[in-house]
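Here's data.txt, which has compact mmCIF, C-alpha atoms:
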```txt
# COMPACT_ATOMS: atom_id res chain seq x y z
CA MET G 1 -26.71 -119.62 -20.73
CA THR G 2 -24.55 -116.54 -20.33
CA ARG G 3 -22.58 -116.64 -17.13
CA PRO G 4 -22.30 -113.45 -15.04
CA LEU G 5 -18.61 -112.71 -15.64
CA GLU G 6 -18.36 -113.62 -19.31
CA GLY G 7 -16.29 -111.08 -21.22
CA LEU G 8 -13.98 -110.35 -18.28
CA LEU G 9 -10.28 -111.12 -18.56
CA VAL G 10 -8.43 -112.19 -15.42
CA VAL G 11 -4.66 -112.61 -15.42
CA ALA G 12 -3.32 -114.54 -12.46
CA LEU G 13 0.30 -114.82 -11.39
CA GLU G 14 -0.63 -117.42 -8.82
CA GLN G 15 0.46 -120.53 -7.03
CA ALA G 16 -0.65 -123.00 -4.35
CA VAL G 17 -4.14 -122.39 -2.93
CA ALA G 18 -5.21 -118.87 -1.87
CA ALA G 19 -5.10 -117.02 -5.20
CA PRO G 20 -6.23 -120.07 -7.22
CA THR G 21 -9.30 -120.31 -4.96
CA CYS G 22 -10.24 -116.75 -5.88
CA THR G 23 -9.67 -117.17 -9.60
CA MET G 24 -11.43 -120.55 -9.68
CA ARG G 25 -14.59 -118.78 -8.56
CA LEU G 26 -14.11 -116.13 -11.25
CA ALA G 27 -13.57 -118.81 -13.92
CA ASP G 28 -16.65 -120.70 -12.74
CA ALA G 29 -18.64 -117.49 -13.27
CA GLY G 30 -17.48 -117.21 -16.88
CA ALA G 31 -14.38 -115.02 -16.69
CA ARG G 32 -11.46 -115.94 -18.89
CA VAL G 33 -8.63 -116.72 -16.48
CA ILE G 34 -5.08 -116.85 -17.84
CA LYS G 35 -2.84 -118.51 -15.29
CA LEU G 36 0.81 -117.49 -15.56
CA GLU G 37 2.97 -120.35 -14.33
CA ARG G 38 6.67 -120.82 -13.88
CA ILE G 39 8.31 -123.08 -16.45
CA GLU G 40 8.26 -125.89 -13.87
CA GLY G 41 4.62 -125.16 -13.06
CA ASP G 42 2.54 -124.11 -10.07
CA THR G 43 3.83 -125.71 -6.87
CA ALA G 44 0.40 -127.26 -6.37
CA ARG G 45 0.89 -129.36 -9.51
CA HIS G 46 3.50 -131.38 -7.65
CA TYR G 47 1.79 -132.10 -4.31
CA ASP G 48 0.58 -135.55 -5.41
CA ARG G 49 -0.79 -137.47 -8.40
CA SER G 50 -4.13 -138.52 -6.93
CA VAL G 51 -6.54 -137.55 -9.71
CA LYS G 52 -5.66 -139.37 -12.92
CA GLY G 53 -2.06 -138.29 -12.38
CA ILE G 54 -2.99 -134.73 -11.36
CA SER G 55 -2.55 -133.24 -7.91
CA ALA G 56 -5.84 -133.12 -6.00
CA TYR G 57 -5.30 -129.47 -5.08
CA PHE G 58 -4.52 -128.52 -8.67
CA ALA G 59 -7.43 -130.49 -10.11
CA TRP G 60 -9.83 -128.77 -7.71
CA LEU G 61 -8.62 -125.18 -7.92
CA ASN G 62 -7.67 -124.70 -11.57
CA ARG G 63 -10.62 -125.90 -13.57
CA GLY G 64 -11.49 -123.79 -16.57
CA LYS G 65 -8.26 -121.78 -16.64
CA GLU G 66 -5.70 -121.31 -19.41
CA SER G 67 -2.05 -122.03 -18.59
CA ALA G 68 0.84 -120.00 -19.97
CA ALA G 69 4.25 -121.18 -18.79
CA LEU G 70 6.59 -118.18 -18.68
CA ASP G 71 10.06 -117.36 -17.44
CA LEU G 72 9.57 -113.91 -15.96
CA LYS G 73 13.34 -113.47 -15.68
CA SER G 74 13.25 -113.33 -19.47
CA THR G 75 12.70 -109.84 -20.88
CA ASP G 76 10.37 -111.15 -23.59
CA ASP G 77 8.23 -113.23 -21.22
CA LEU G 78 7.97 -110.40 -18.70
CA ALA G 79 6.90 -108.08 -21.52
CA LEU G 80 4.27 -110.64 -22.51
CA ALA G 81 2.95 -110.70 -18.93
CA HIS G 82 2.76 -106.91 -18.90
CA ALA G 83 0.93 -106.90 -22.23
CA LEU G 84 -1.63 -109.34 -20.87
CA VAL G 85 -2.14 -107.29 -17.71
CA ALA G 86 -2.58 -104.13 -19.79
CA LYS G 87 -5.72 -105.55 -21.38
CA ALA G 88 -7.02 -107.36 -18.29
CA ASP G 89 -9.94 -106.40 -16.09
CA VAL G 90 -8.48 -108.14 -13.04
CA PHE G 91 -4.93 -109.08 -12.05
CA VAL G 92 -4.38 -111.44 -9.11
CA GLN G 93 -1.02 -112.41 -7.61
CA ASN G 94 0.20 -114.20 -4.51
CA LEU G 95 3.97 -114.24 -4.89
CA ALA G 96 6.26 -113.68 -1.92
CA PRO G 97 6.17 -110.10 -0.56
CA GLY G 98 8.02 -107.71 -2.87
CA ALA G 99 8.37 -110.16 -5.76
CA SER G 100 5.56 -108.68 -7.85
CA VAL G 101 6.88 -105.13 -7.27
CA ARG G 102 10.32 -106.15 -8.54
CA LEU G 103 8.64 -107.44 -11.70
CA GLY G 104 6.76 -104.18 -12.14
CA LEU G 105 3.52 -105.98 -11.29
CA GLY G 106 2.71 -104.50 -7.89
CA ALA G 107 -0.96 -103.65 -7.52
CA LYS G 108 -0.56 -99.91 -6.86
CA ASP G 109 1.88 -99.41 -9.74
CA LEU G 110 -0.36 -101.33 -12.12
CA VAL G 111 -3.47 -99.36 -11.27
CA ALA G 112 -1.54 -96.12 -11.70
CA ARG G 113 -0.70 -97.24 -15.27
CA HIS G 114 -4.05 -98.90 -16.01
CA PRO G 115 -6.79 -96.95 -14.18
CA ARG G 116 -9.58 -99.44 -14.94
CA LEU G 117 -7.62 -102.43 -13.68
CA ILE G 118 -8.53 -104.20 -10.46
CA ALA G 119 -5.20 -105.44 -9.10
CA LEU G 120 -5.23 -107.79 -6.15
CA ASP G 121 -2.24 -108.68 -3.99
CA ILE G 122 -2.74 -111.70 -1.72
CA VAL G 123 -0.21 -111.56 1.10
CA GLY G 124 0.42 -113.39 4.33
CA TYR G 125 0.38 -110.32 6.55
CA ARG G 126 -0.88 -106.80 5.95
CA GLN G 127 2.05 -104.95 4.43
CA SER G 128 1.53 -101.87 6.61
CA THR G 129 2.34 -103.92 9.74
CA PRO G 130 5.69 -104.97 11.26
CA ALA G 131 4.80 -108.59 10.39
CA ARG G 132 4.78 -107.87 6.66
CA GLY G 133 7.85 -109.98 5.90
CA LEU G 134 6.82 -113.17 7.71
CA ARG G 135 6.52 -116.27 5.59
CA ALA G 136 2.93 -117.35 5.28
CA TYR G 137 1.90 -120.91 4.55
CA ASP G 138 -1.48 -122.21 5.61
CA MET G 139 -0.46 -124.00 8.81
CA LEU G 140 1.90 -121.18 9.80
CA VAL G 141 -0.93 -118.67 9.59
CA GLN G 142 -3.33 -120.98 11.42
CA ALA G 143 -0.74 -121.18 14.19
CA GLU G 144 0.10 -117.46 14.30
CA SER G 145 -3.54 -116.35 14.26
CA GLY G 146 -4.57 -118.48 17.24
CA ILE G 147 -6.74 -120.89 15.26
CA CYS G 148 -4.71 -123.84 16.53
CA SER G 149 -5.06 -122.67 20.13
CA VAL G 150 -8.83 -123.20 20.00
CA THR G 151 -8.73 -126.36 17.86
CA GLY G 152 -8.01 -129.80 19.26
CA THR G 153 -8.25 -131.35 22.70
CA PRO G 154 -7.22 -129.97 26.10
CA GLU G 155 -4.02 -131.98 25.72
CA GLU G 156 -3.07 -131.00 22.18
CA ALA G 157 -3.48 -128.05 19.85
CA VAL G 158 -4.03 -129.02 16.22
CA LYS G 159 -4.54 -127.31 12.91
CA VAL G 160 -7.82 -127.59 11.04
CA GLY G 161 -7.54 -130.55 8.68
CA VAL G 162 -8.12 -128.57 5.49
CA SER G 163 -6.34 -125.42 4.34
CA ILE G 164 -8.69 -122.90 5.92
CA ALA G 165 -6.22 -119.99 5.98
CA ASP G 166 -5.67 -120.33 2.24
CA ILE G 167 -9.29 -121.09 1.37
CA GLY G 168 -10.72 -118.36 3.61
CA THR G 169 -8.31 -115.85 2.10
CA GLY G 170 -9.30 -116.89 -1.40
CA MET G 171 -12.97 -116.46 -0.51
CA ASN G 172 -12.30 -112.96 0.82
CA ALA G 173 -10.26 -112.13 -2.28
CA HIS G 174 -13.11 -113.29 -4.51
CA ALA G 175 -15.57 -111.10 -2.62
CA ALA G 176 -13.19 -108.12 -2.81
CA VAL G 177 -12.83 -108.50 -6.58
CA LEU G 178 -16.60 -108.67 -7.08
CA GLN G 179 -17.08 -105.55 -4.91
CA ALA G 180 -14.41 -103.74 -6.93
CA LEU G 181 -16.01 -104.75 -10.22
CA TYR G 182 -19.35 -103.41 -9.00
CA GLU G 183 -17.67 -100.19 -7.88
CA ARG G 184 -15.99 -99.85 -11.27
CA GLU G 185 -19.39 -100.04 -12.94
CA ARG G 186 -20.35 -96.88 -11.06
CA THR G 187 -17.07 -94.96 -11.12
CA GLY G 188 -15.19 -96.27 -14.14
CA ARG G 189 -12.11 -96.73 -11.98
CA GLY G 190 -10.30 -99.84 -10.87
CA LYS G 191 -8.39 -100.16 -7.63
CA ALA G 192 -5.50 -101.82 -5.86
CA ILE G 193 -6.54 -104.35 -3.23
CA GLU G 194 -4.54 -106.19 -0.58
CA ILE G 195 -5.96 -109.25 1.16
CA ALA G 196 -3.94 -110.81 3.99
CA MET G 197 -4.16 -114.39 5.16
CA PHE G 198 -3.63 -113.39 8.78
CA ASP G 199 -6.51 -110.90 8.61
CA SER G 200 -8.78 -113.61 7.25
CA MET G 201 -8.03 -115.91 10.16
CA ALA G 202 -7.98 -113.11 12.77
CA GLU G 203 -11.53 -112.18 11.79
CA TRP G 204 -12.60 -115.80 12.22
CA MET G 205 -11.12 -115.58 15.72
CA ALA G 206 -13.43 -112.65 16.56
CA VAL G 207 -15.43 -114.50 19.25
CA PRO G 208 -12.39 -115.80 21.18
CA PHE G 209 -10.86 -112.33 20.75
CA LEU G 210 -13.93 -110.60 22.21
CA HIS G 211 -14.11 -113.06 25.08
CA TYR G 212 -10.48 -112.31 25.87
CA GLU G 213 -10.69 -108.54 25.43
CA HIS G 214 -13.86 -108.11 27.51
CA GLN G 215 -13.72 -110.96 30.01
CA GLY G 216 -10.06 -111.94 30.12
CA ARG G 217 -11.23 -115.40 29.08
CA ILE G 218 -8.96 -117.71 27.09
CA THR G 219 -11.10 -119.96 24.91
CA PRO G 220 -10.21 -123.57 25.75
CA ARG G 221 -9.76 -126.43 23.32
CA THR G 222 -12.76 -128.67 23.76
CA GLY G 223 -12.44 -131.22 20.96
CA LEU G 224 -15.85 -132.22 19.62
CA SER G 225 -17.58 -129.94 22.06
CA HIS G 226 -18.50 -126.28 21.72
CA ALA G 227 -16.49 -123.91 23.91
CA SER G 228 -19.38 -121.46 24.45
CA ILE G 229 -22.58 -123.53 24.20
CA PHE G 230 -23.59 -126.67 26.11
CA PRO G 231 -24.95 -129.23 25.44
CA TYR G 232 -23.19 -129.02 22.06
CA HIS G 233 -20.99 -132.08 22.00
CA VAL G 234 -20.72 -135.76 21.11
CA ALA G 235 -22.76 -138.05 23.33
CA ASP G 236 -21.55 -141.63 23.11
CA CYS G 237 -24.09 -144.37 22.45
CA VAL G 238 -23.49 -148.09 22.61
CA ASP G 239 -22.64 -148.21 18.89
CA GLY G 240 -21.22 -144.75 18.18
CA GLY G 241 -21.53 -141.07 18.95
CA VAL G 242 -24.12 -138.47 18.04
CA VAL G 243 -23.60 -134.73 18.14
CA ILE G 244 -26.33 -133.02 20.15
CA VAL G 245 -27.02 -129.31 20.47
CA VAL G 246 -29.23 -127.17 22.70
CA GLN G 247 -29.13 -123.44 21.94
CA SER G 248 -32.39 -121.94 23.22
CA PRO G 249 -34.47 -122.13 26.42
CA ALA G 250 -37.24 -123.93 24.54
CA GLU G 251 -34.80 -126.53 23.25
CA TRP G 252 -33.46 -127.03 26.76
CA VAL G 253 -36.94 -127.85 28.01
CA ARG G 254 -37.58 -130.28 25.14
CA PHE G 255 -34.20 -131.89 25.66
CA CYS G 256 -34.73 -132.46 29.38
CA GLU G 257 -38.32 -133.59 29.19
CA GLY G 258 -38.21 -135.47 25.89
CA ALA G 259 -34.71 -136.74 25.13
CA LEU G 260 -33.53 -137.34 28.69
CA GLY G 261 -36.83 -137.99 30.43
CA ARG G 262 -35.59 -135.71 33.22
CA PRO G 263 -38.04 -132.79 33.61
CA ASP G 264 -36.43 -132.05 36.98
CA LEU G 265 -33.34 -130.72 35.20
CA VAL G 266 -35.30 -127.78 33.78
CA ALA G 267 -35.39 -126.18 37.22
CA ASP G 268 -31.93 -127.35 38.34
CA PRO G 269 -30.05 -124.14 39.29
CA ARG G 270 -26.78 -125.55 37.93
CA PHE G 271 -28.24 -125.57 34.42
CA ALA G 272 -30.61 -122.59 34.49
CA ASP G 273 -29.09 -120.91 31.43
CA ASN G 274 -26.39 -121.55 28.87
CA PRO G 275 -23.51 -119.84 30.75
CA LEU G 276 -24.28 -122.02 33.80
CA ARG G 277 -24.52 -125.15 31.67
CA VAL G 278 -21.10 -124.33 30.18
CA GLU G 279 -19.71 -123.75 33.67
CA ASN G 280 -21.11 -127.09 34.84
CA ARG G 281 -20.56 -129.01 31.62
CA ASP G 282 -18.87 -132.00 33.28
CA ALA G 283 -21.80 -132.65 35.61
CA LEU G 284 -24.32 -132.21 32.82
CA ALA G 285 -22.34 -134.38 30.41
CA ALA G 286 -22.37 -137.21 32.96
CA ILE G 287 -26.16 -136.94 33.31
CA ILE G 288 -26.61 -136.97 29.53
CA GLN G 289 -24.37 -140.00 29.24
CA GLU G 290 -26.60 -141.95 31.63
CA THR G 291 -29.33 -141.79 28.98
CA PHE G 292 -27.29 -142.01 25.80
CA GLY G 293 -24.69 -144.55 26.91
CA PRO G 294 -26.91 -147.67 27.04
CA ALA G 295 -28.92 -146.71 23.92
CA THR G 296 -28.20 -147.23 20.26
CA ARG G 297 -27.38 -144.23 18.15
CA ALA G 298 -30.40 -144.86 15.91
CA ALA G 299 -32.73 -144.88 18.92
CA MET G 300 -31.37 -141.59 20.25
CA ILE G 301 -31.50 -139.96 16.83
CA GLU G 302 -35.14 -141.02 16.55
CA CYS G 303 -35.80 -139.56 19.99
CA LEU G 304 -34.09 -136.27 19.15
CA GLU G 305 -36.04 -136.02 15.91
CA ALA G 306 -39.31 -136.70 17.73
CA HIS G 307 -38.64 -133.70 19.98
CA GLN G 308 -37.43 -131.37 17.20
CA LEU G 309 -33.85 -131.34 18.41
CA ALA G 310 -30.80 -131.06 16.16
CA TRP G 311 -28.24 -133.83 15.79
CA ALA G 312 -25.45 -135.02 13.53
CA LYS G 313 -23.29 -138.06 13.02
CA VAL G 314 -19.53 -137.56 13.01
CA SER G 315 -18.73 -138.51 9.42
CA ASP G 316 -15.42 -139.38 7.84
CA VAL G 317 -14.57 -138.77 4.18
CA ARG G 318 -16.11 -142.11 3.19
CA ASP G 319 -19.39 -141.06 4.79
CA MET G 320 -19.16 -137.63 3.18
CA ALA G 321 -18.59 -139.19 -0.26
CA ALA G 322 -21.83 -141.18 0.13
CA HIS G 323 -23.83 -138.48 1.95
CA PRO G 324 -27.32 -137.84 0.54
CA ALA G 325 -26.64 -134.08 0.60
CA LEU G 326 -23.55 -134.36 -1.60
CA THR G 327 -23.91 -133.30 -5.22
CA ARG G 328 -21.16 -133.80 -7.76
CA MET G 329 -19.92 -132.20 -10.93
CA THR G 330 -17.80 -134.02 -13.48
CA ALA G 331 -14.73 -132.82 -15.34
CA THR G 332 -13.57 -134.56 -18.51
CA LEU G 333 -9.84 -134.50 -19.19
CA ALA G 334 -8.30 -134.20 -22.65
CA SER G 335 -7.65 -137.95 -22.49
CA GLY G 336 -11.37 -138.60 -22.12
CA GLU G 337 -10.98 -139.71 -18.52
CA THR G 338 -13.31 -138.13 -15.99
CA PHE G 339 -13.26 -137.24 -12.33
CA ASP G 340 -15.83 -135.86 -9.93
CA LEU G 341 -15.68 -132.85 -7.64
CA PRO G 342 -18.13 -131.65 -5.02
CA THR G 343 -20.42 -129.15 -6.70
CA SER G 344 -19.52 -125.52 -6.15
CA PRO G 345 -21.88 -123.94 -3.59
CA LEU G 346 -22.39 -121.09 -6.08
CA THR G 347 -23.82 -123.23 -8.87
CA ALA G 348 -26.05 -126.17 -9.63
CA ALA G 349 -23.87 -127.28 -12.55
CA THR G 350 -23.28 -131.00 -12.97
CA THR G 351 -20.21 -130.57 -15.19
CA CYS G 352 -17.19 -128.31 -15.03
CA ALA G 353 -14.19 -127.46 -17.15
CA ARG G 354 -10.98 -129.39 -16.72
CA PRO G 355 -7.70 -128.08 -15.30
CA PRO G 356 -5.11 -127.14 -17.93
CA GLU G 357 -1.94 -129.00 -18.79
CA LEU G 358 1.19 -127.03 -17.92
CA GLY G 359 1.76 -124.45 -20.66
CA GLU G 360 -1.12 -125.79 -22.71
CA HIS G 361 -2.10 -122.33 -23.94
CA THR G 362 1.32 -120.64 -24.06
CA ALA G 363 1.70 -120.64 -27.84
CA ALA G 364 -1.85 -119.44 -28.47
CA ILE G 365 -1.51 -116.64 -25.93
CA ARG G 366 1.83 -115.55 -27.39
CA ALA G 367 0.25 -115.41 -30.83
CA GLU G 368 -2.78 -113.56 -29.52
CA VAL G 369 -0.65 -110.88 -27.85
CA ALA G 370 1.62 -110.56 -30.88
CA ALA G 371 -1.40 -110.05 -33.13
CA ALA G 372 -2.80 -107.40 -30.80
CA LEU G 373 0.51 -105.52 -30.70
CA ALA G 374 1.24 -105.77 -34.44
CA PRO G 375 -0.94 -102.81 -35.59
CA ALA G 376 0.62 -100.58 -32.94
CA GLU G 377 4.13 -101.57 -34.02
CA ALA G 378 3.28 -101.01 -37.69
```

Would you kindly transcribe this structure into structure tokens?
Amino acid sequence: MTRPLEGLLVVALEQAVAAPTCTMRLADAGARVIKLERIEGDTARHYDRSVKGISAYFAWLNRGKESAALDLKSTDDLALAHALVAKADVFVQNLAPGASVRLGLGAKDLVARHPRLIALDIVGYRQSTPARGLRAYDMLVQAESGICSVTGTPEEAVKVGVSIADIGTGMNAHAAVLQALYERERTGRGKAIEIAMFDSMAEWMAVPFLHYEHQGRITPRTGLSHASIFPYHVADCVDGGVVIVVQSPAEWVRFCEGALGRPDLVADPRFADNPLRVENRDALAAIIQETFGPATRAAMIECLEAHQLAWAKVSDVRDMAAHPALTRMTATLASGETFDLPTSPLTAATTCARPPELGEHTAAIRAEVAAALAPAEA
């Protein structure tokens, strides 16, 4: 079947996670993605050797791409990069601030030269702000944006355990590219786009931000408990915990009468609505624990199900790998070895392309560009 972005050429001067997340999605949708790597390779190639000798990050984020290893300090290799960009539909880069401009590959300059090009700069901080020069790695941006201040326990702030600043930025970049492609269909014009990691995380902090701006409230760290809704936490049973959640008045009634066997709590003024339940969470948590504590987790899950109440088990990666909801897609390496990935949420495919070897396509791409330029030179 034809995939939606077949026929599009994407050139990516990318490294690590944020930009590769964006271009992975474009490659999955059928775009040809040429990944320009340093001679020593993308930094993500060297994080570990978990997947048949390949870094887990690289194996995940670079499937279906072509790799050209170039030395952009070389006049010839930089000219090759410019030639590729000249025929591209999309150019994506996430070098350090200013680096792409020094190479003549800044988004605004490129679009001025190639009006149909969509040129995307992924940066740490919006370049119109005083923070534009700050270094931006995932955990640094999680920390600067306040994500860590609302994640963890009252005693300790922590980062989210996966690279959400990078991944969220890549998701936003992917959406921005698709919007720009759609706009180009109508106008015939490309555009320069800037997506900042800090902006991506700041938007995710919108609820704590609004609570602070309008109520002066600092969102606390509440561990495996929701800061703004209660009950929405882990209740400990005799053999493990279960996450419970009550979000509506009707659920509160079912929870009190059915799960707890305490219809009197429905009319208790301490728990009359969600803001009061949050305010009195310690007292309510102790009451809930009286019921859940002596019971098995299976018995309480059965009870919650019987009263149409939501629940979850706190899973680790072993549980996730065996979860009935997990679907997998398989990549086959050039060696014939295979590895599985979680299926992309945008597809039902059961197979995917493999990640490229470093510089695997350099010679072919050089020849392709030389052939394209030959008639003009003649």

If I take CA of Asp268 (chain G) and CA of Ala250 (chain G), how far is one from the other in Å, to one decimal? 15.2 Å

Kindly indicate which residue among G:Ala259, G:Leu120, G:Leu72, G:Ile218 lies nearest to Leu103 (chain G), using only C-alpha atoms for the distances.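 Closest residue, counting only C-alpha atoms: G:Leu72.
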
Can I get the residues of region 227-285 of chain G within 6 Å of region 311-320 of chain G, each with the closest pair of atoms and their distance in Å to one decimal, using all atoms listed in the file, sorted chain first then ascending number, as JSON lines?
```
{"residue": "G:Val242", "atom": "CA", "partner": "G:Lys313", "partner_atom": "CA", "distance": 5.1}
{"residue": "G:Val243", "atom": "CA", "partner": "G:Ala312", "partner_atom": "CA", "distance": 5.0}
{"residue": "G:Ile244", "atom": "CA", "partner": "G:Trp311", "partner_atom": "CA", "distance": 4.8}
```

Using only C-alpha atoms, pick whichever of G:Thr350, G:Asn94, G:Gln127, G:Thr338 has the shortest atom-to-atom distance to Lys52 (chain G).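 Checking each of G:Thr350, G:Asn94, G:Gln127, G:Thr338 against Lys52 (chain G), counting only C-alpha atoms, the winner is G:Thr338.
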
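As for CA of Leu346 (chain G) and CA of Val150 (chain G), they are spaced 29.5 Å apart.
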
I'd like the neighbourhood of region 220-232 of chain G as a VMD selection string, where a residue qualifies if any of its atoms comes within 12 Å (using only C-alpha atoms), though same-chain residues fewer than 5 positions away should be ignored. chain G and resid 146 to 160 207 to 208 211 to 212 241 to 249 251 to 252 255 to 256 271 to 289 309 to 314

Just the selected residues (C-alpha atoms), exported as a PDB file, in the coordinates of the input, please.
```
ATOM      1  CA  GLY G 146      -4.570-118.480  17.240  1.00  0.00           C
ATOM      2  CA  ILE G 147      -6.740-120.890  15.260  1.00  0.00           C
ATOM      3  CA  CYS G 148      -4.710-123.840  16.530  1.00  0.00           C
ATOM      4  CA  SER G 149      -5.060-122.670  20.130  1.00  0.00           C
ATOM      5  CA  VAL G 150      -8.830-123.200  20.000  1.00  0.00           C
ATOM      6  CA  THR G 151      -8.730-126.360  17.860  1.00  0.00           C
ATOM      7  CA  GLY G 152      -8.010-129.800  19.260  1.00  0.00           C
ATOM      8  CA  THR G 153      -8.250-131.350  22.700  1.00  0.00           C
ATOM      9  CA  PRO G 154      -7.220-129.970  26.100  1.00  0.00           C
ATOM     10  CA  GLU G 155      -4.020-131.980  25.720  1.00  0.00           C
ATOM     11  CA  GLU G 156      -3.070-131.000  22.180  1.00  0.00           C
ATOM     12  CA  ALA G 157      -3.480-128.050  19.850  1.00  0.00           C
ATOM     13  CA  VAL G 158      -4.030-129.020  16.220  1.00  0.00           C
ATOM     14  CA  LYS G 159      -4.540-127.310  12.910  1.00  0.00           C
ATOM     15  CA  VAL G 160      -7.820-127.590  11.040  1.00  0.00           C
ATOM     16  CA  VAL G 207     -15.430-114.500  19.250  1.00  0.00           C
ATOM     17  CA  PRO G 208     -12.390-115.800  21.180  1.00  0.00           C
ATOM     18  CA  HIS G 211     -14.110-113.060  25.080  1.00  0.00           C
ATOM     19  CA  TYR G 212     -10.480-112.310  25.870  1.00  0.00           C
ATOM     20  CA  GLY G 241     -21.530-141.070  18.950  1.00  0.00           C
ATOM     21  CA  VAL G 242     -24.120-138.470  18.040  1.00  0.00           C
ATOM     22  CA  VAL G 243     -23.600-134.730  18.140  1.00  0.00           C
ATOM     23  CA  ILE G 244     -26.330-133.020  20.150  1.00  0.00           C
ATOM     24  CA  VAL G 245     -27.020-129.310  20.470  1.00  0.00           C
ATOM     25  CA  VAL G 246     -29.230-127.170  22.700  1.00  0.00           C
ATOM     26  CA  GLN G 247     -29.130-123.440  21.940  1.00  0.00           C
ATOM     27  CA  SER G 248     -32.390-121.940  23.220  1.00  0.00           C
ATOM     28  CA  PRO G 249     -34.470-122.130  26.420  1.00  0.00           C
ATOM     29  CA  GLU G 251     -34.800-126.530  23.250  1.00  0.00           C
ATOM     30  CA  TRP G 252     -33.460-127.030  26.760  1.00  0.00           C
ATOM     31  CA  PHE G 255     -34.200-131.890  25.660  1.00  0.00           C
ATOM     32  CA  CYS G 256     -34.730-132.460  29.380  1.00  0.00           C
ATOM     33  CA  PHE G 271     -28.240-125.570  34.420  1.00  0.00           C
ATOM     34  CA  ALA G 272     -30.610-122.590  34.490  1.00  0.00           C
ATOM     35  CA  ASP G 273     -29.090-120.910  31.430  1.00  0.00           C
ATOM     36  CA  ASN G 274     -26.390-121.550  28.870  1.00  0.00           C
ATOM     37  CA  PRO G 275     -23.510-119.840  30.750  1.00  0.00           C
ATOM     38  CA  LEU G 276     -24.280-122.020  33.800  1.00  0.00           C
ATOM     39  CA  ARG G 277     -24.520-125.150  31.670  1.00  0.00           C
ATOM     40  CA  VAL G 278     -21.100-124.330  30.180  1.00  0.00           C
ATOM     41  CA  GLU G 279     -19.710-123.750  33.670  1.00  0.00           C
ATOM     42  CA  ASN G 280     -21.110-127.090  34.840  1.00  0.00           C
ATOM     43  CA  ARG G 281     -20.560-129.010  31.620  1.00  0.00           C
ATOM     44  CA  ASP G 282     -18.870-132.000  33.280  1.00  0.00           C
ATOM     45  CA  ALA G 283     -21.800-132.650  35.610  1.00  0.00           C
ATOM     46  CA  LEU G 284     -24.320-132.210  32.820  1.00  0.00           C
ATOM     47  CA  ALA G 285     -22.340-134.380  30.410  1.00  0.00           C
ATOM     48  CA  ALA G 286     -22.370-137.210  32.960  1.00  0.00           C
ATOM     49  CA  ILE G 287     -26.160-136.940  33.310  1.00  0.00           C
ATOM     50  CA  ILE G 288     -26.610-136.970  29.530  1.00  0.00           C
ATOM     51  CA  GLN G 289     -24.370-140.000  29.240  1.00  0.00           C
ATOM     52  CA  LEU G 309     -33.850-131.340  18.410  1.00  0.00           C
ATOM     53  CA  ALA G 310     -30.800-131.060  16.160  1.00  0.00           C
ATOM     54  CA  TRP G 311     -28.240-133.830  15.790  1.00  0.00           C
ATOM     55  CA  ALA G 312     -25.450-135.020  13.530  1.00  0.00           C
ATOM     56  CA  LYS G 313     -23.290-138.060  13.020  1.00  0.00           C
ATOM     57  CA  VAL G 314     -19.530-137.560  13.010  1.00  0.00           C
TER      58      VAL G 314
END
```

For Val369 (chain G), find every residue with an atom within 9 Å (counting all atoms listed in the file), except residues of its own chain fewer than 3 positions away, and show them as a PyMOL selection string. chain G and resi 80+83-84+364-366+372-374

Please compute the CA of Val234 (chain G)-CA of Glu257 (chain G) distance, one decimal, in Å. 19.5 Å
